[in-house]
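Data first, discussion second: the structure below is written as structure tokens.
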Amino acid sequence: MTILVTGGAGFIGANFVYLELDKHPEDRIVCLDKLTYAGNLETLKEALDKPNFRFVKGDICDRDAVFALFEEEKPDIVVNFAAESHVDRSIEDPGIFLKTNILGTQVLMDASREYKVKRYHQVSTDEVYGDLPLDRPDLFFTEETPLKTSSPYSSSKAGADLLVNAYHRTFDLPTTISRCSNNYGPYQFPEKLIPLMIANALDEKPLPVYGQGLNVRDWLYVEDHCKAIDLIIRKGEVGQVYNIGGHNEMKNIDIVKIICQELDKPESLITYVTDRKGHDMRYAIDPAKIHRDLGWLPETMFADGIKMTIKWYLDHKDWWQRIVSGDYMKYYEEMYGERLRQA
Ligand code: NAD
Ligand code: TYD
């Protein structure tokens with residue numbers, strides 16, 4: 001079987017590529033990635049040596065290139081990770097989010113129809129459900145929760161999800177969608193909360209916590225997310241949406257304190273900065289459906305996962321230090337410079 005993985009040079013896509021190569025050596029994996037600032041070919045360096053892996057640099061919005069690749073590879077399954085993924089960037093510049101996340105999804109689904117793929121899987125997010133209040137810990141997102149987005153990022157992901165359902169209903173495209181909570185683990189770009197705090201703490205730089213740090217996220221180790229997607233594409237029911245999450249809700253400030261503790265760095269590095277615009281308060285997934293229907297359960301507890309993640313960043317300084325230079329520095333100054341000076 002040939003699986004086309006788009007966005008496989010990014011955080012979750014790369015972890016998925018490695019899981020598939022390891023678990024299903026009989027399958028061929030083709031990775032299509034534009035290598036934006038968030039994509040890194042170095043991340044796939046061990047995969048590139050495998051005879052059943054092929055990397056293609058390209059844009060999912062480029063209809064001709066996408067159709068040519070489908071003609072050549074005739075994929076059985078498409079798993080779409082390719083996206084602009086950072087909320088703060090979407091607040092600065094929504095346009096590219098709408099283009100990649102919605103129009104890119106359309107191009108991939110048009111090609112999937114034309115070449116009659118057996119499954120088109122859309123990797124979505126719990127952020128499409130909007131947020132939950134902090135004072136209602138009894139509420140969780142189920143697959144029936146209405147979509148109600150807050151940021152240009154989540155709106156673009158919700159737009160794509162609606163389009164996926166439309167292609168299923170209108171054209172009978174065999175689709176599935178997964179909506180996962182916040183991931184952490186190896187290869188996450190250091191603009192996201194956990195790797196950013198690890199990288200800054202190691203350099204004893206300020207740890208910029210938005211608002212009061214009371215926002216709650218439901219953290220899942222990336223490998224557990226990838227295992228859930230692996231199950232959905234092989235055993236999931238066409239037309240279905242599956243929520244993925246591990247019932248591991250934590251306040252941002254507590255995560256940052258754990259990182260300080262693990263790295264033996266002082267909490268005085270924590271710096272409260274101006275809040276993110278439209279900042280979602282709480283995400284919490286009810287993963288009962290994927291547990292009931294596919295037998296999925298998370299395997300890595302946060303206490304272990306965060307230790308493994310910190311160790312990975314300590315062991316792979318080259319990987320992220322190369323990233324935390326050049327263009328990223330410009331982004332960092334734009335995003336945090338003024339806020340840190342005001343704090
Ligand atoms: P990421 O930003 O680390 O990686 C995105 C990848 O997509 C990069 O390799 C980038 O080069 C590639 N890409 C971007 N635009 C492209 C284009 N036009 N054509 C081809 N490739 C392109 O993102 P991630 O955190 O790995 O997230 C992957 C997917 O999972 C996204 O769809 C995201 O919405 C979803 N998701 C992420 C999380 C999370 O916590 N990170 C949680 C739930 C869902
Ligand atoms: P992030 O990793 O950007 O994921 P998302 O916004 O998709 O949930 O942020 C996780 C949480 O951490 C979110 O509530 C915003 C907060 N945050 C900070 O407090 N400081 C930071 O520098 C960043 C990047 C995030």
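Ordering of the structure tokens sets the chain letters (A, B, ...); residue numbers start at 1 within each chain; ligands are numbered from 1 in the order shown.
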
field: helix (DSSP H, G or I) per DSSP on the backbone: members of region 93-280 of chain A, as a ChimeraX atom specification
entry: /A:95-114,126-129,152-171,193-202,222-235,252-263,267-269

field: Within 7 Å of ligand 2 (only C-alpha atoms and all ligand atoms), residues as a PyMOL selection string
entry: chain A and resi 86-88+182+191-194+196+208-210+213+215-217+252+279-280

Could those residues be written to a file, using all heavy atoms, as a short mmCIF file (atom, residue, chain, number, x, y, z; two decimals), in the first residue's frame?
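For reference, out_27.cif as written:
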data_model
loop_
_atom_site.label_atom_id
_atom_site.label_comp_id
_atom_site.auth_asym_id
_atom_site.auth_seq_id
_atom_site.Cartn_x
_atom_site.Cartn_y
_atom_site.Cartn_z
N HIS A 86 0.41 27.60 13.66
CA HIS A 86 0.63 28.37 14.90
C HIS A 86 -0.36 29.53 15.06
O HIS A 86 -0.39 30.45 14.23
CB HIS A 86 2.07 28.87 14.94
CG HIS A 86 2.46 29.40 16.29
ND1 HIS A 86 2.07 28.81 17.47
CD2 HIS A 86 3.21 30.46 16.66
CE1 HIS A 86 2.55 29.48 18.49
NE2 HIS A 86 3.25 30.49 18.03
N VAL A 87 -1.14 29.47 16.13
CA VAL A 87 -2.20 30.46 16.37
C VAL A 87 -1.65 31.89 16.33
O VAL A 87 -2.24 32.78 15.69
CB VAL A 87 -2.87 30.19 17.75
CG1 VAL A 87 -3.86 31.30 18.10
CG2 VAL A 87 -3.57 28.84 17.74
N ASP A 88 -0.52 32.15 17.00
CA ASP A 88 0.00 33.52 17.06
C ASP A 88 0.32 34.06 15.66
O ASP A 88 0.08 35.23 15.37
CB ASP A 88 1.26 33.58 17.93
CG ASP A 88 0.94 33.33 19.40
OD1 ASP A 88 -0.11 33.78 19.86
OD2 ASP A 88 1.74 32.66 20.08
N ASN A 182 -3.73 19.27 22.20
CA ASN A 182 -2.34 19.74 22.05
C ASN A 182 -1.34 18.59 22.17
O ASN A 182 -1.41 17.81 23.12
CB ASN A 182 -2.00 20.76 23.14
CG ASN A 182 -2.65 22.10 22.88
OD1 ASN A 182 -3.86 22.19 22.80
ND2 ASN A 182 -1.84 23.13 22.75
N GLU A 191 8.52 27.36 18.56
CA GLU A 191 7.62 28.51 18.74
C GLU A 191 6.43 28.10 19.61
O GLU A 191 5.71 28.95 20.10
CB GLU A 191 7.10 29.01 17.39
CG GLU A 191 6.18 28.04 16.69
CD GLU A 191 5.78 28.44 15.29
OE1 GLU A 191 6.04 29.57 14.87
OE2 GLU A 191 5.21 27.58 14.59
N LYS A 192 6.21 26.78 19.79
CA LYS A 192 5.07 26.30 20.57
C LYS A 192 5.45 26.22 22.04
O LYS A 192 6.64 26.12 22.39
CB LYS A 192 4.64 24.91 20.06
CG LYS A 192 4.27 24.88 18.59
CD LYS A 192 2.85 25.34 18.34
CE LYS A 192 2.55 25.64 16.89
NZ LYS A 192 2.66 24.55 15.98
N LEU A 193 4.45 26.24 22.93
CA LEU A 193 4.70 26.44 24.36
C LEU A 193 5.83 25.57 24.93
O LEU A 193 6.80 26.11 25.49
CB LEU A 193 3.41 26.19 25.17
CG LEU A 193 3.61 26.37 26.68
CD1 LEU A 193 3.69 27.84 27.06
CD2 LEU A 193 2.49 25.70 27.47
N ILE A 194 5.71 24.26 24.83
CA ILE A 194 6.65 23.39 25.56
C ILE A 194 8.08 23.52 25.04
O ILE A 194 9.00 23.81 25.81
CB ILE A 194 6.11 21.94 25.62
CG1 ILE A 194 4.91 21.93 26.57
CG2 ILE A 194 7.20 20.95 26.03
CD1 ILE A 194 4.25 20.58 26.82
N LEU A 196 9.40 25.93 23.33
CA LEU A 196 9.88 27.30 23.52
C LEU A 196 10.36 27.49 24.96
O LEU A 196 11.44 28.07 25.20
CB LEU A 196 8.75 28.30 23.22
CG LEU A 196 9.16 29.76 23.37
CD1 LEU A 196 8.97 30.50 22.06
CD2 LEU A 196 8.37 30.49 24.42
N PRO A 208 8.11 33.59 28.55
CA PRO A 208 6.94 34.49 28.37
C PRO A 208 5.61 33.76 28.49
O PRO A 208 5.19 33.05 27.58
CB PRO A 208 7.14 35.03 26.94
CG PRO A 208 7.95 33.97 26.24
CD PRO A 208 8.74 33.24 27.26
N VAL A 209 4.95 33.95 29.62
CA VAL A 209 3.64 33.32 29.85
C VAL A 209 2.56 34.35 29.54
O VAL A 209 2.57 35.45 30.08
CB VAL A 209 3.55 32.84 31.32
CG1 VAL A 209 2.13 32.39 31.65
CG2 VAL A 209 4.55 31.71 31.55
N TYR A 210 1.62 33.97 28.67
CA TYR A 210 0.57 34.91 28.27
C TYR A 210 -0.45 35.08 29.39
O TYR A 210 -0.87 34.08 30.01
CB TYR A 210 -0.18 34.39 27.03
CG TYR A 210 0.64 34.22 25.78
CD1 TYR A 210 0.15 33.46 24.71
CD2 TYR A 210 1.89 34.82 25.63
CE1 TYR A 210 0.88 33.31 23.55
CE2 TYR A 210 2.62 34.66 24.47
CZ TYR A 210 2.12 33.90 23.43
OH TYR A 210 2.84 33.73 22.28
N GLY A 213 -1.43 32.84 32.77
CA GLY A 213 -0.99 31.45 32.65
C GLY A 213 -2.05 30.45 33.11
O GLY A 213 -1.72 29.29 33.37
N ASN A 215 -4.76 29.49 31.39
CA ASN A 215 -5.43 28.76 30.29
C ASN A 215 -5.07 27.27 30.39
O ASN A 215 -3.94 26.92 30.71
CB ASN A 215 -4.99 29.31 28.94
CG ASN A 215 -5.21 30.80 28.87
OD1 ASN A 215 -4.57 31.54 29.61
ND2 ASN A 215 -6.11 31.24 28.03
N VAL A 216 -6.06 26.45 30.05
CA VAL A 216 -5.89 25.01 30.20
C VAL A 216 -5.83 24.34 28.82
O VAL A 216 -6.64 24.63 27.94
CB VAL A 216 -7.06 24.41 31.02
CG1 VAL A 216 -7.07 22.90 30.97
CG2 VAL A 216 -6.98 24.91 32.46
N ARG A 217 -4.84 23.46 28.65
CA ARG A 217 -4.73 22.66 27.43
C ARG A 217 -4.70 21.19 27.85
O ARG A 217 -4.28 20.86 28.97
CB ARG A 217 -3.45 23.01 26.64
CG ARG A 217 -3.42 24.46 26.13
CD ARG A 217 -4.47 24.68 25.07
NE ARG A 217 -4.48 26.01 24.47
CZ ARG A 217 -5.28 27.01 24.85
NH1 ARG A 217 -6.09 26.85 25.87
NH2 ARG A 217 -5.28 28.16 24.20
N ASN A 252 -1.24 26.33 31.78
CA ASN A 252 0.05 26.68 31.18
C ASN A 252 1.12 26.93 32.24
O ASN A 252 2.26 26.48 32.11
CB ASN A 252 -0.08 27.94 30.32
CG ASN A 252 -0.97 27.71 29.11
OD1 ASN A 252 -1.18 26.56 28.69
ND2 ASN A 252 -1.50 28.78 28.54
N HIS A 279 -7.68 34.74 23.20
CA HIS A 279 -7.07 33.52 23.78
C HIS A 279 -8.11 32.52 24.31
O HIS A 279 -8.86 32.84 25.24
CB HIS A 279 -6.15 33.97 24.93
CG HIS A 279 -5.15 32.95 25.33
ND1 HIS A 279 -4.12 33.22 26.18
CD2 HIS A 279 -4.99 31.65 24.99
CE1 HIS A 279 -3.38 32.15 26.36
NE2 HIS A 279 -3.90 31.18 25.63
N ASP A 280 -8.14 31.31 23.76
CA ASP A 280 -9.06 30.26 24.24
C ASP A 280 -8.70 29.87 25.66
O ASP A 280 -7.53 29.66 25.99
CB ASP A 280 -8.95 29.02 23.33
CG ASP A 280 -9.75 29.18 22.04
OD1 ASP A 280 -10.70 29.99 22.01
OD2 ASP A 280 -9.42 28.48 21.06
#

field: Expected answer as a PyMOL selection string: residues within 7 Å of ligand 1, only C-alpha atoms and all ligand atoms
entry: chain A and resi 6-13+32-40+58-61+80-86+100+104+123-126+157+179-184+188-189

task: State, in Å with one decimal place, the distance from CA of Trp296 (chain A) to CA of His168 (chain A).
output: 24.3 Å

query: When DSSP works through the backbone of this structure, what residues of region 94-185 of chain A end up as strand (DSSP E), shown as a PyMOL selection string?
result: chain A and resi 119-125+175-180+183-184

task: Tell me which protein, DNA and RNA residues are within 10 Å of region 225-235 of chain A, counting only C-alpha atoms, leaving out same-chain ones fewer than 3 positions away, and put them as a PyMOL selection string.
output: chain A and resi 3+12-20+23-24+77-79+118-123+175-184+220-222+238+240-246+290-291+293-299

- request: Go through A:Tyr115, A:Tyr153, A:Tyr272, A:Tyr313 one by one, measure the shortest atom-to-atom distance of each to Arg89 (chain A) using only C-alpha atoms, and give the residue with the smallest value.
  value: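 For Arg89 (chain A), the nearest of the given residues is A:Tyr153.
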
task: Within 12 Å of region 254-256 of chain A, counting only C-alpha atoms, which residues show up once you throw out same-chain ones fewer than 4 positions away? Write them as an MDAnalysis selection string, please.
output: chainID A and resid 184 193:201 206:210 212:219 248:250 260:263 265:272 302:303 306:307

message: Could you check the closest approach to Glu114 (chain A) for each of A:Pro75, A:Pro25, A:Gly95, A:Pro186 and tell me which residue wins, using only C-alpha atoms?
response: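 Ranking A:Pro75, A:Pro25, A:Gly95, A:Pro186 by distance to Glu114 (chain A), first place goes to A:Pro75.
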
Give me, as a short mmCIF file (atom, residue, chain, number, x, y, z; two decimals) with all heavy atoms, in the first residue's frame, all polymer residues having an atom no more than 12 Å from Phe70 (chain A), counting only C-alpha atoms and skipping those fewer than 6 positions away in the same chain.
data_model
loop_
_atom_site.label_atom_id
_atom_site.label_comp_id
_atom_site.auth_asym_id
_atom_site.auth_seq_id
_atom_site.Cartn_x
_atom_site.Cartn_y
_atom_site.Cartn_z
N THR A 2 0.45 2.26 -0.75
CA THR A 2 1.20 3.54 -0.74
C THR A 2 0.41 4.58 0.05
O THR A 2 -0.77 4.81 -0.22
CB THR A 2 1.43 4.03 -2.19
OG1 THR A 2 2.26 3.08 -2.86
CG2 THR A 2 2.11 5.39 -2.21
N ILE A 3 1.09 5.19 1.01
CA ILE A 3 0.45 6.22 1.83
C ILE A 3 1.13 7.55 1.53
O ILE A 3 2.35 7.68 1.67
CB ILE A 3 0.59 5.90 3.34
CG1 ILE A 3 0.04 4.50 3.64
CG2 ILE A 3 -0.12 6.96 4.18
CD1 ILE A 3 0.19 4.06 5.08
N LEU A 4 0.34 8.52 1.09
CA LEU A 4 0.87 9.87 0.88
C LEU A 4 0.68 10.67 2.16
O LEU A 4 -0.45 10.83 2.65
CB LEU A 4 0.14 10.56 -0.28
CG LEU A 4 0.52 12.03 -0.51
CD1 LEU A 4 1.99 12.15 -0.93
CD2 LEU A 4 -0.38 12.66 -1.57
N VAL A 5 1.79 11.11 2.74
CA VAL A 5 1.75 11.89 3.98
C VAL A 5 2.14 13.32 3.62
O VAL A 5 3.29 13.59 3.26
CB VAL A 5 2.74 11.32 5.02
CG1 VAL A 5 2.74 12.16 6.30
CG2 VAL A 5 2.40 9.86 5.35
N VAL A 30 5.13 8.11 0.90
CA VAL A 30 5.57 9.25 0.09
C VAL A 30 5.21 10.50 0.88
O VAL A 30 4.06 10.67 1.29
CB VAL A 30 4.85 9.26 -1.28
CG1 VAL A 30 5.28 10.49 -2.08
CG2 VAL A 30 5.14 7.98 -2.05
N CYS A 31 6.22 11.34 1.11
CA CYS A 31 5.97 12.56 1.88
C CYS A 31 6.02 13.77 0.95
O CYS A 31 7.00 13.97 0.24
CB CYS A 31 7.03 12.69 2.98
SG CYS A 31 7.00 14.29 3.79
N LEU A 32 4.95 14.56 0.96
CA LEU A 32 4.92 15.81 0.19
C LEU A 32 4.94 16.95 1.20
O LEU A 32 4.05 17.04 2.06
CB LEU A 32 3.63 15.87 -0.65
CG LEU A 32 3.37 17.19 -1.37
CD1 LEU A 32 4.40 17.43 -2.48
CD2 LEU A 32 1.95 17.21 -1.97
N VAL A 56 9.13 14.37 -1.43
CA VAL A 56 8.92 15.27 -2.57
C VAL A 56 8.67 16.67 -2.01
O VAL A 56 7.77 16.85 -1.17
CB VAL A 56 7.70 14.84 -3.40
CG1 VAL A 56 7.45 15.79 -4.56
CG2 VAL A 56 7.87 13.41 -3.90
N ILE A 60 0.91 21.79 -1.32
CA ILE A 60 -0.40 21.14 -1.52
C ILE A 60 -1.37 22.04 -2.28
O ILE A 60 -2.38 21.57 -2.78
CB ILE A 60 -1.05 20.66 -0.19
CG1 ILE A 60 -1.26 21.82 0.80
CG2 ILE A 60 -0.23 19.54 0.46
CD1 ILE A 60 -2.20 21.47 1.95
N ARG A 63 -1.89 22.72 -7.74
CA ARG A 63 -2.75 21.68 -8.33
C ARG A 63 -2.00 20.79 -9.33
O ARG A 63 -2.11 19.56 -9.29
CB ARG A 63 -3.94 22.39 -9.01
CG ARG A 63 -5.04 21.51 -9.49
CD ARG A 63 -6.28 22.36 -9.82
NE ARG A 63 -7.00 22.71 -8.62
CZ ARG A 63 -7.97 21.95 -8.09
NH1 ARG A 63 -8.33 20.83 -8.68
NH2 ARG A 63 -8.58 22.31 -6.99
N ASP A 64 -1.21 21.42 -10.20
CA ASP A 64 -0.51 20.62 -11.23
C ASP A 64 0.48 19.65 -10.58
O ASP A 64 0.54 18.47 -10.94
CB ASP A 64 0.25 21.54 -12.21
CG ASP A 64 -0.73 22.33 -13.06
OD1 ASP A 64 -1.92 21.94 -13.11
OD2 ASP A 64 -0.32 23.36 -13.65
N ASP A 76 -2.84 4.91 -2.11
CA ASP A 76 -4.05 4.25 -1.62
C ASP A 76 -4.70 5.10 -0.54
O ASP A 76 -5.91 5.16 -0.42
CB ASP A 76 -3.69 2.88 -1.03
CG ASP A 76 -3.07 1.98 -2.07
OD1 ASP A 76 -3.83 1.44 -2.89
OD2 ASP A 76 -1.82 1.86 -2.10
N ILE A 77 -3.83 5.72 0.28
CA ILE A 77 -4.32 6.51 1.42
C ILE A 77 -3.61 7.86 1.40
O ILE A 77 -2.40 7.93 1.11
CB ILE A 77 -4.02 5.79 2.75
CG1 ILE A 77 -4.79 4.46 2.83
CG2 ILE A 77 -4.34 6.67 3.96
CD1 ILE A 77 -4.56 3.69 4.12
N VAL A 78 -4.33 8.91 1.72
CA VAL A 78 -3.73 10.24 1.88
C VAL A 78 -3.97 10.68 3.33
O VAL A 78 -5.09 10.60 3.83
CB VAL A 78 -4.38 11.27 0.93
CG1 VAL A 78 -3.81 12.67 1.16
CG2 VAL A 78 -4.18 10.85 -0.53
N VAL A 107 -7.46 20.98 -2.92
CA VAL A 107 -6.65 20.41 -4.01
C VAL A 107 -6.38 18.93 -3.74
O VAL A 107 -6.54 18.07 -4.62
CB VAL A 107 -5.32 21.20 -4.16
CG1 VAL A 107 -4.37 20.48 -5.11
CG2 VAL A 107 -5.59 22.62 -4.64
N LEU A 108 -6.01 18.62 -2.50
CA LEU A 108 -5.71 17.21 -2.17
C LEU A 108 -6.94 16.34 -2.33
O LEU A 108 -6.84 15.19 -2.80
CB LEU A 108 -5.20 17.11 -0.72
CG LEU A 108 -3.79 17.62 -0.45
CD1 LEU A 108 -3.50 17.57 1.05
CD2 LEU A 108 -2.75 16.78 -1.21
N MET A 109 -8.10 16.87 -1.96
CA MET A 109 -9.32 16.05 -2.09
C MET A 109 -9.74 15.92 -3.55
O MET A 109 -10.25 14.87 -3.96
CB MET A 109 -10.44 16.64 -1.24
CG MET A 109 -10.19 16.45 0.25
SD MET A 109 -11.67 16.67 1.24
CE MET A 109 -12.05 18.37 0.92
N ASP A 110 -9.52 16.95 -4.36
CA ASP A 110 -9.83 16.83 -5.79
C ASP A 110 -8.98 15.72 -6.42
O ASP A 110 -9.47 14.89 -7.19
CB ASP A 110 -9.58 18.17 -6.51
CG ASP A 110 -10.69 19.18 -6.23
OD1 ASP A 110 -11.78 18.76 -5.79
OD2 ASP A 110 -10.46 20.39 -6.44
N ALA A 111 -7.69 15.73 -6.07
CA ALA A 111 -6.80 14.68 -6.60
C ALA A 111 -7.22 13.31 -6.05
O ALA A 111 -7.20 12.30 -6.77
CB ALA A 111 -5.34 14.99 -6.25
N SER A 112 -7.62 13.27 -4.81
CA SER A 112 -8.04 12.00 -4.19
C SER A 112 -9.28 11.44 -4.88
O SER A 112 -9.42 10.22 -5.03
CB SER A 112 -8.33 12.20 -2.69
OG SER A 112 -7.16 12.61 -2.03
N ARG A 113 -10.16 12.33 -5.31
CA ARG A 113 -11.35 11.88 -6.06
C ARG A 113 -10.95 11.32 -7.40
O ARG A 113 -11.34 10.23 -7.80
CB ARG A 113 -12.26 13.08 -6.36
CG ARG A 113 -13.17 13.50 -5.26
CD ARG A 113 -14.00 14.69 -5.74
NE ARG A 113 -15.00 14.32 -6.72
CZ ARG A 113 -15.59 15.17 -7.54
NH1 ARG A 113 -15.29 16.46 -7.51
NH2 ARG A 113 -16.49 14.76 -8.41
N GLU A 114 -10.14 12.13 -8.10
CA GLU A 114 -9.72 11.77 -9.47
C GLU A 114 -9.00 10.41 -9.49
O GLU A 114 -9.23 9.60 -10.37
CB GLU A 114 -8.80 12.89 -9.98
CG GLU A 114 -8.20 12.67 -11.36
CD GLU A 114 -9.20 12.99 -12.48
OE1 GLU A 114 -10.18 13.70 -12.20
OE2 GLU A 114 -8.96 12.50 -13.61
N TYR A 115 -8.16 10.19 -8.50
CA TYR A 115 -7.35 8.97 -8.49
C TYR A 115 -7.94 7.90 -7.58
O TYR A 115 -7.30 6.91 -7.26
CB TYR A 115 -5.89 9.30 -8.15
CG TYR A 115 -5.24 10.01 -9.33
CD1 TYR A 115 -5.27 11.39 -9.43
CD2 TYR A 115 -4.68 9.27 -10.38
CE1 TYR A 115 -4.73 12.04 -10.53
CE2 TYR A 115 -4.14 9.91 -11.48
CZ TYR A 115 -4.17 11.30 -11.55
OH TYR A 115 -3.64 11.92 -12.65
N LYS A 116 -9.18 8.14 -7.12
CA LYS A 116 -9.94 7.13 -6.37
C LYS A 116 -9.17 6.53 -5.20
O LYS A 116 -9.03 5.31 -5.09
CB LYS A 116 -10.42 6.01 -7.31
CG LYS A 116 -11.31 6.53 -8.43
CD LYS A 116 -11.99 5.42 -9.20
CE LYS A 116 -13.05 5.93 -10.15
NZ LYS A 116 -12.86 7.21 -10.80
N VAL A 117 -8.65 7.42 -4.33
CA VAL A 117 -7.95 6.90 -3.15
C VAL A 117 -8.96 6.16 -2.26
O VAL A 117 -10.16 6.45 -2.28
CB VAL A 117 -7.24 8.01 -2.32
CG1 VAL A 117 -6.25 8.78 -3.15
CG2 VAL A 117 -8.22 8.92 -1.63
#
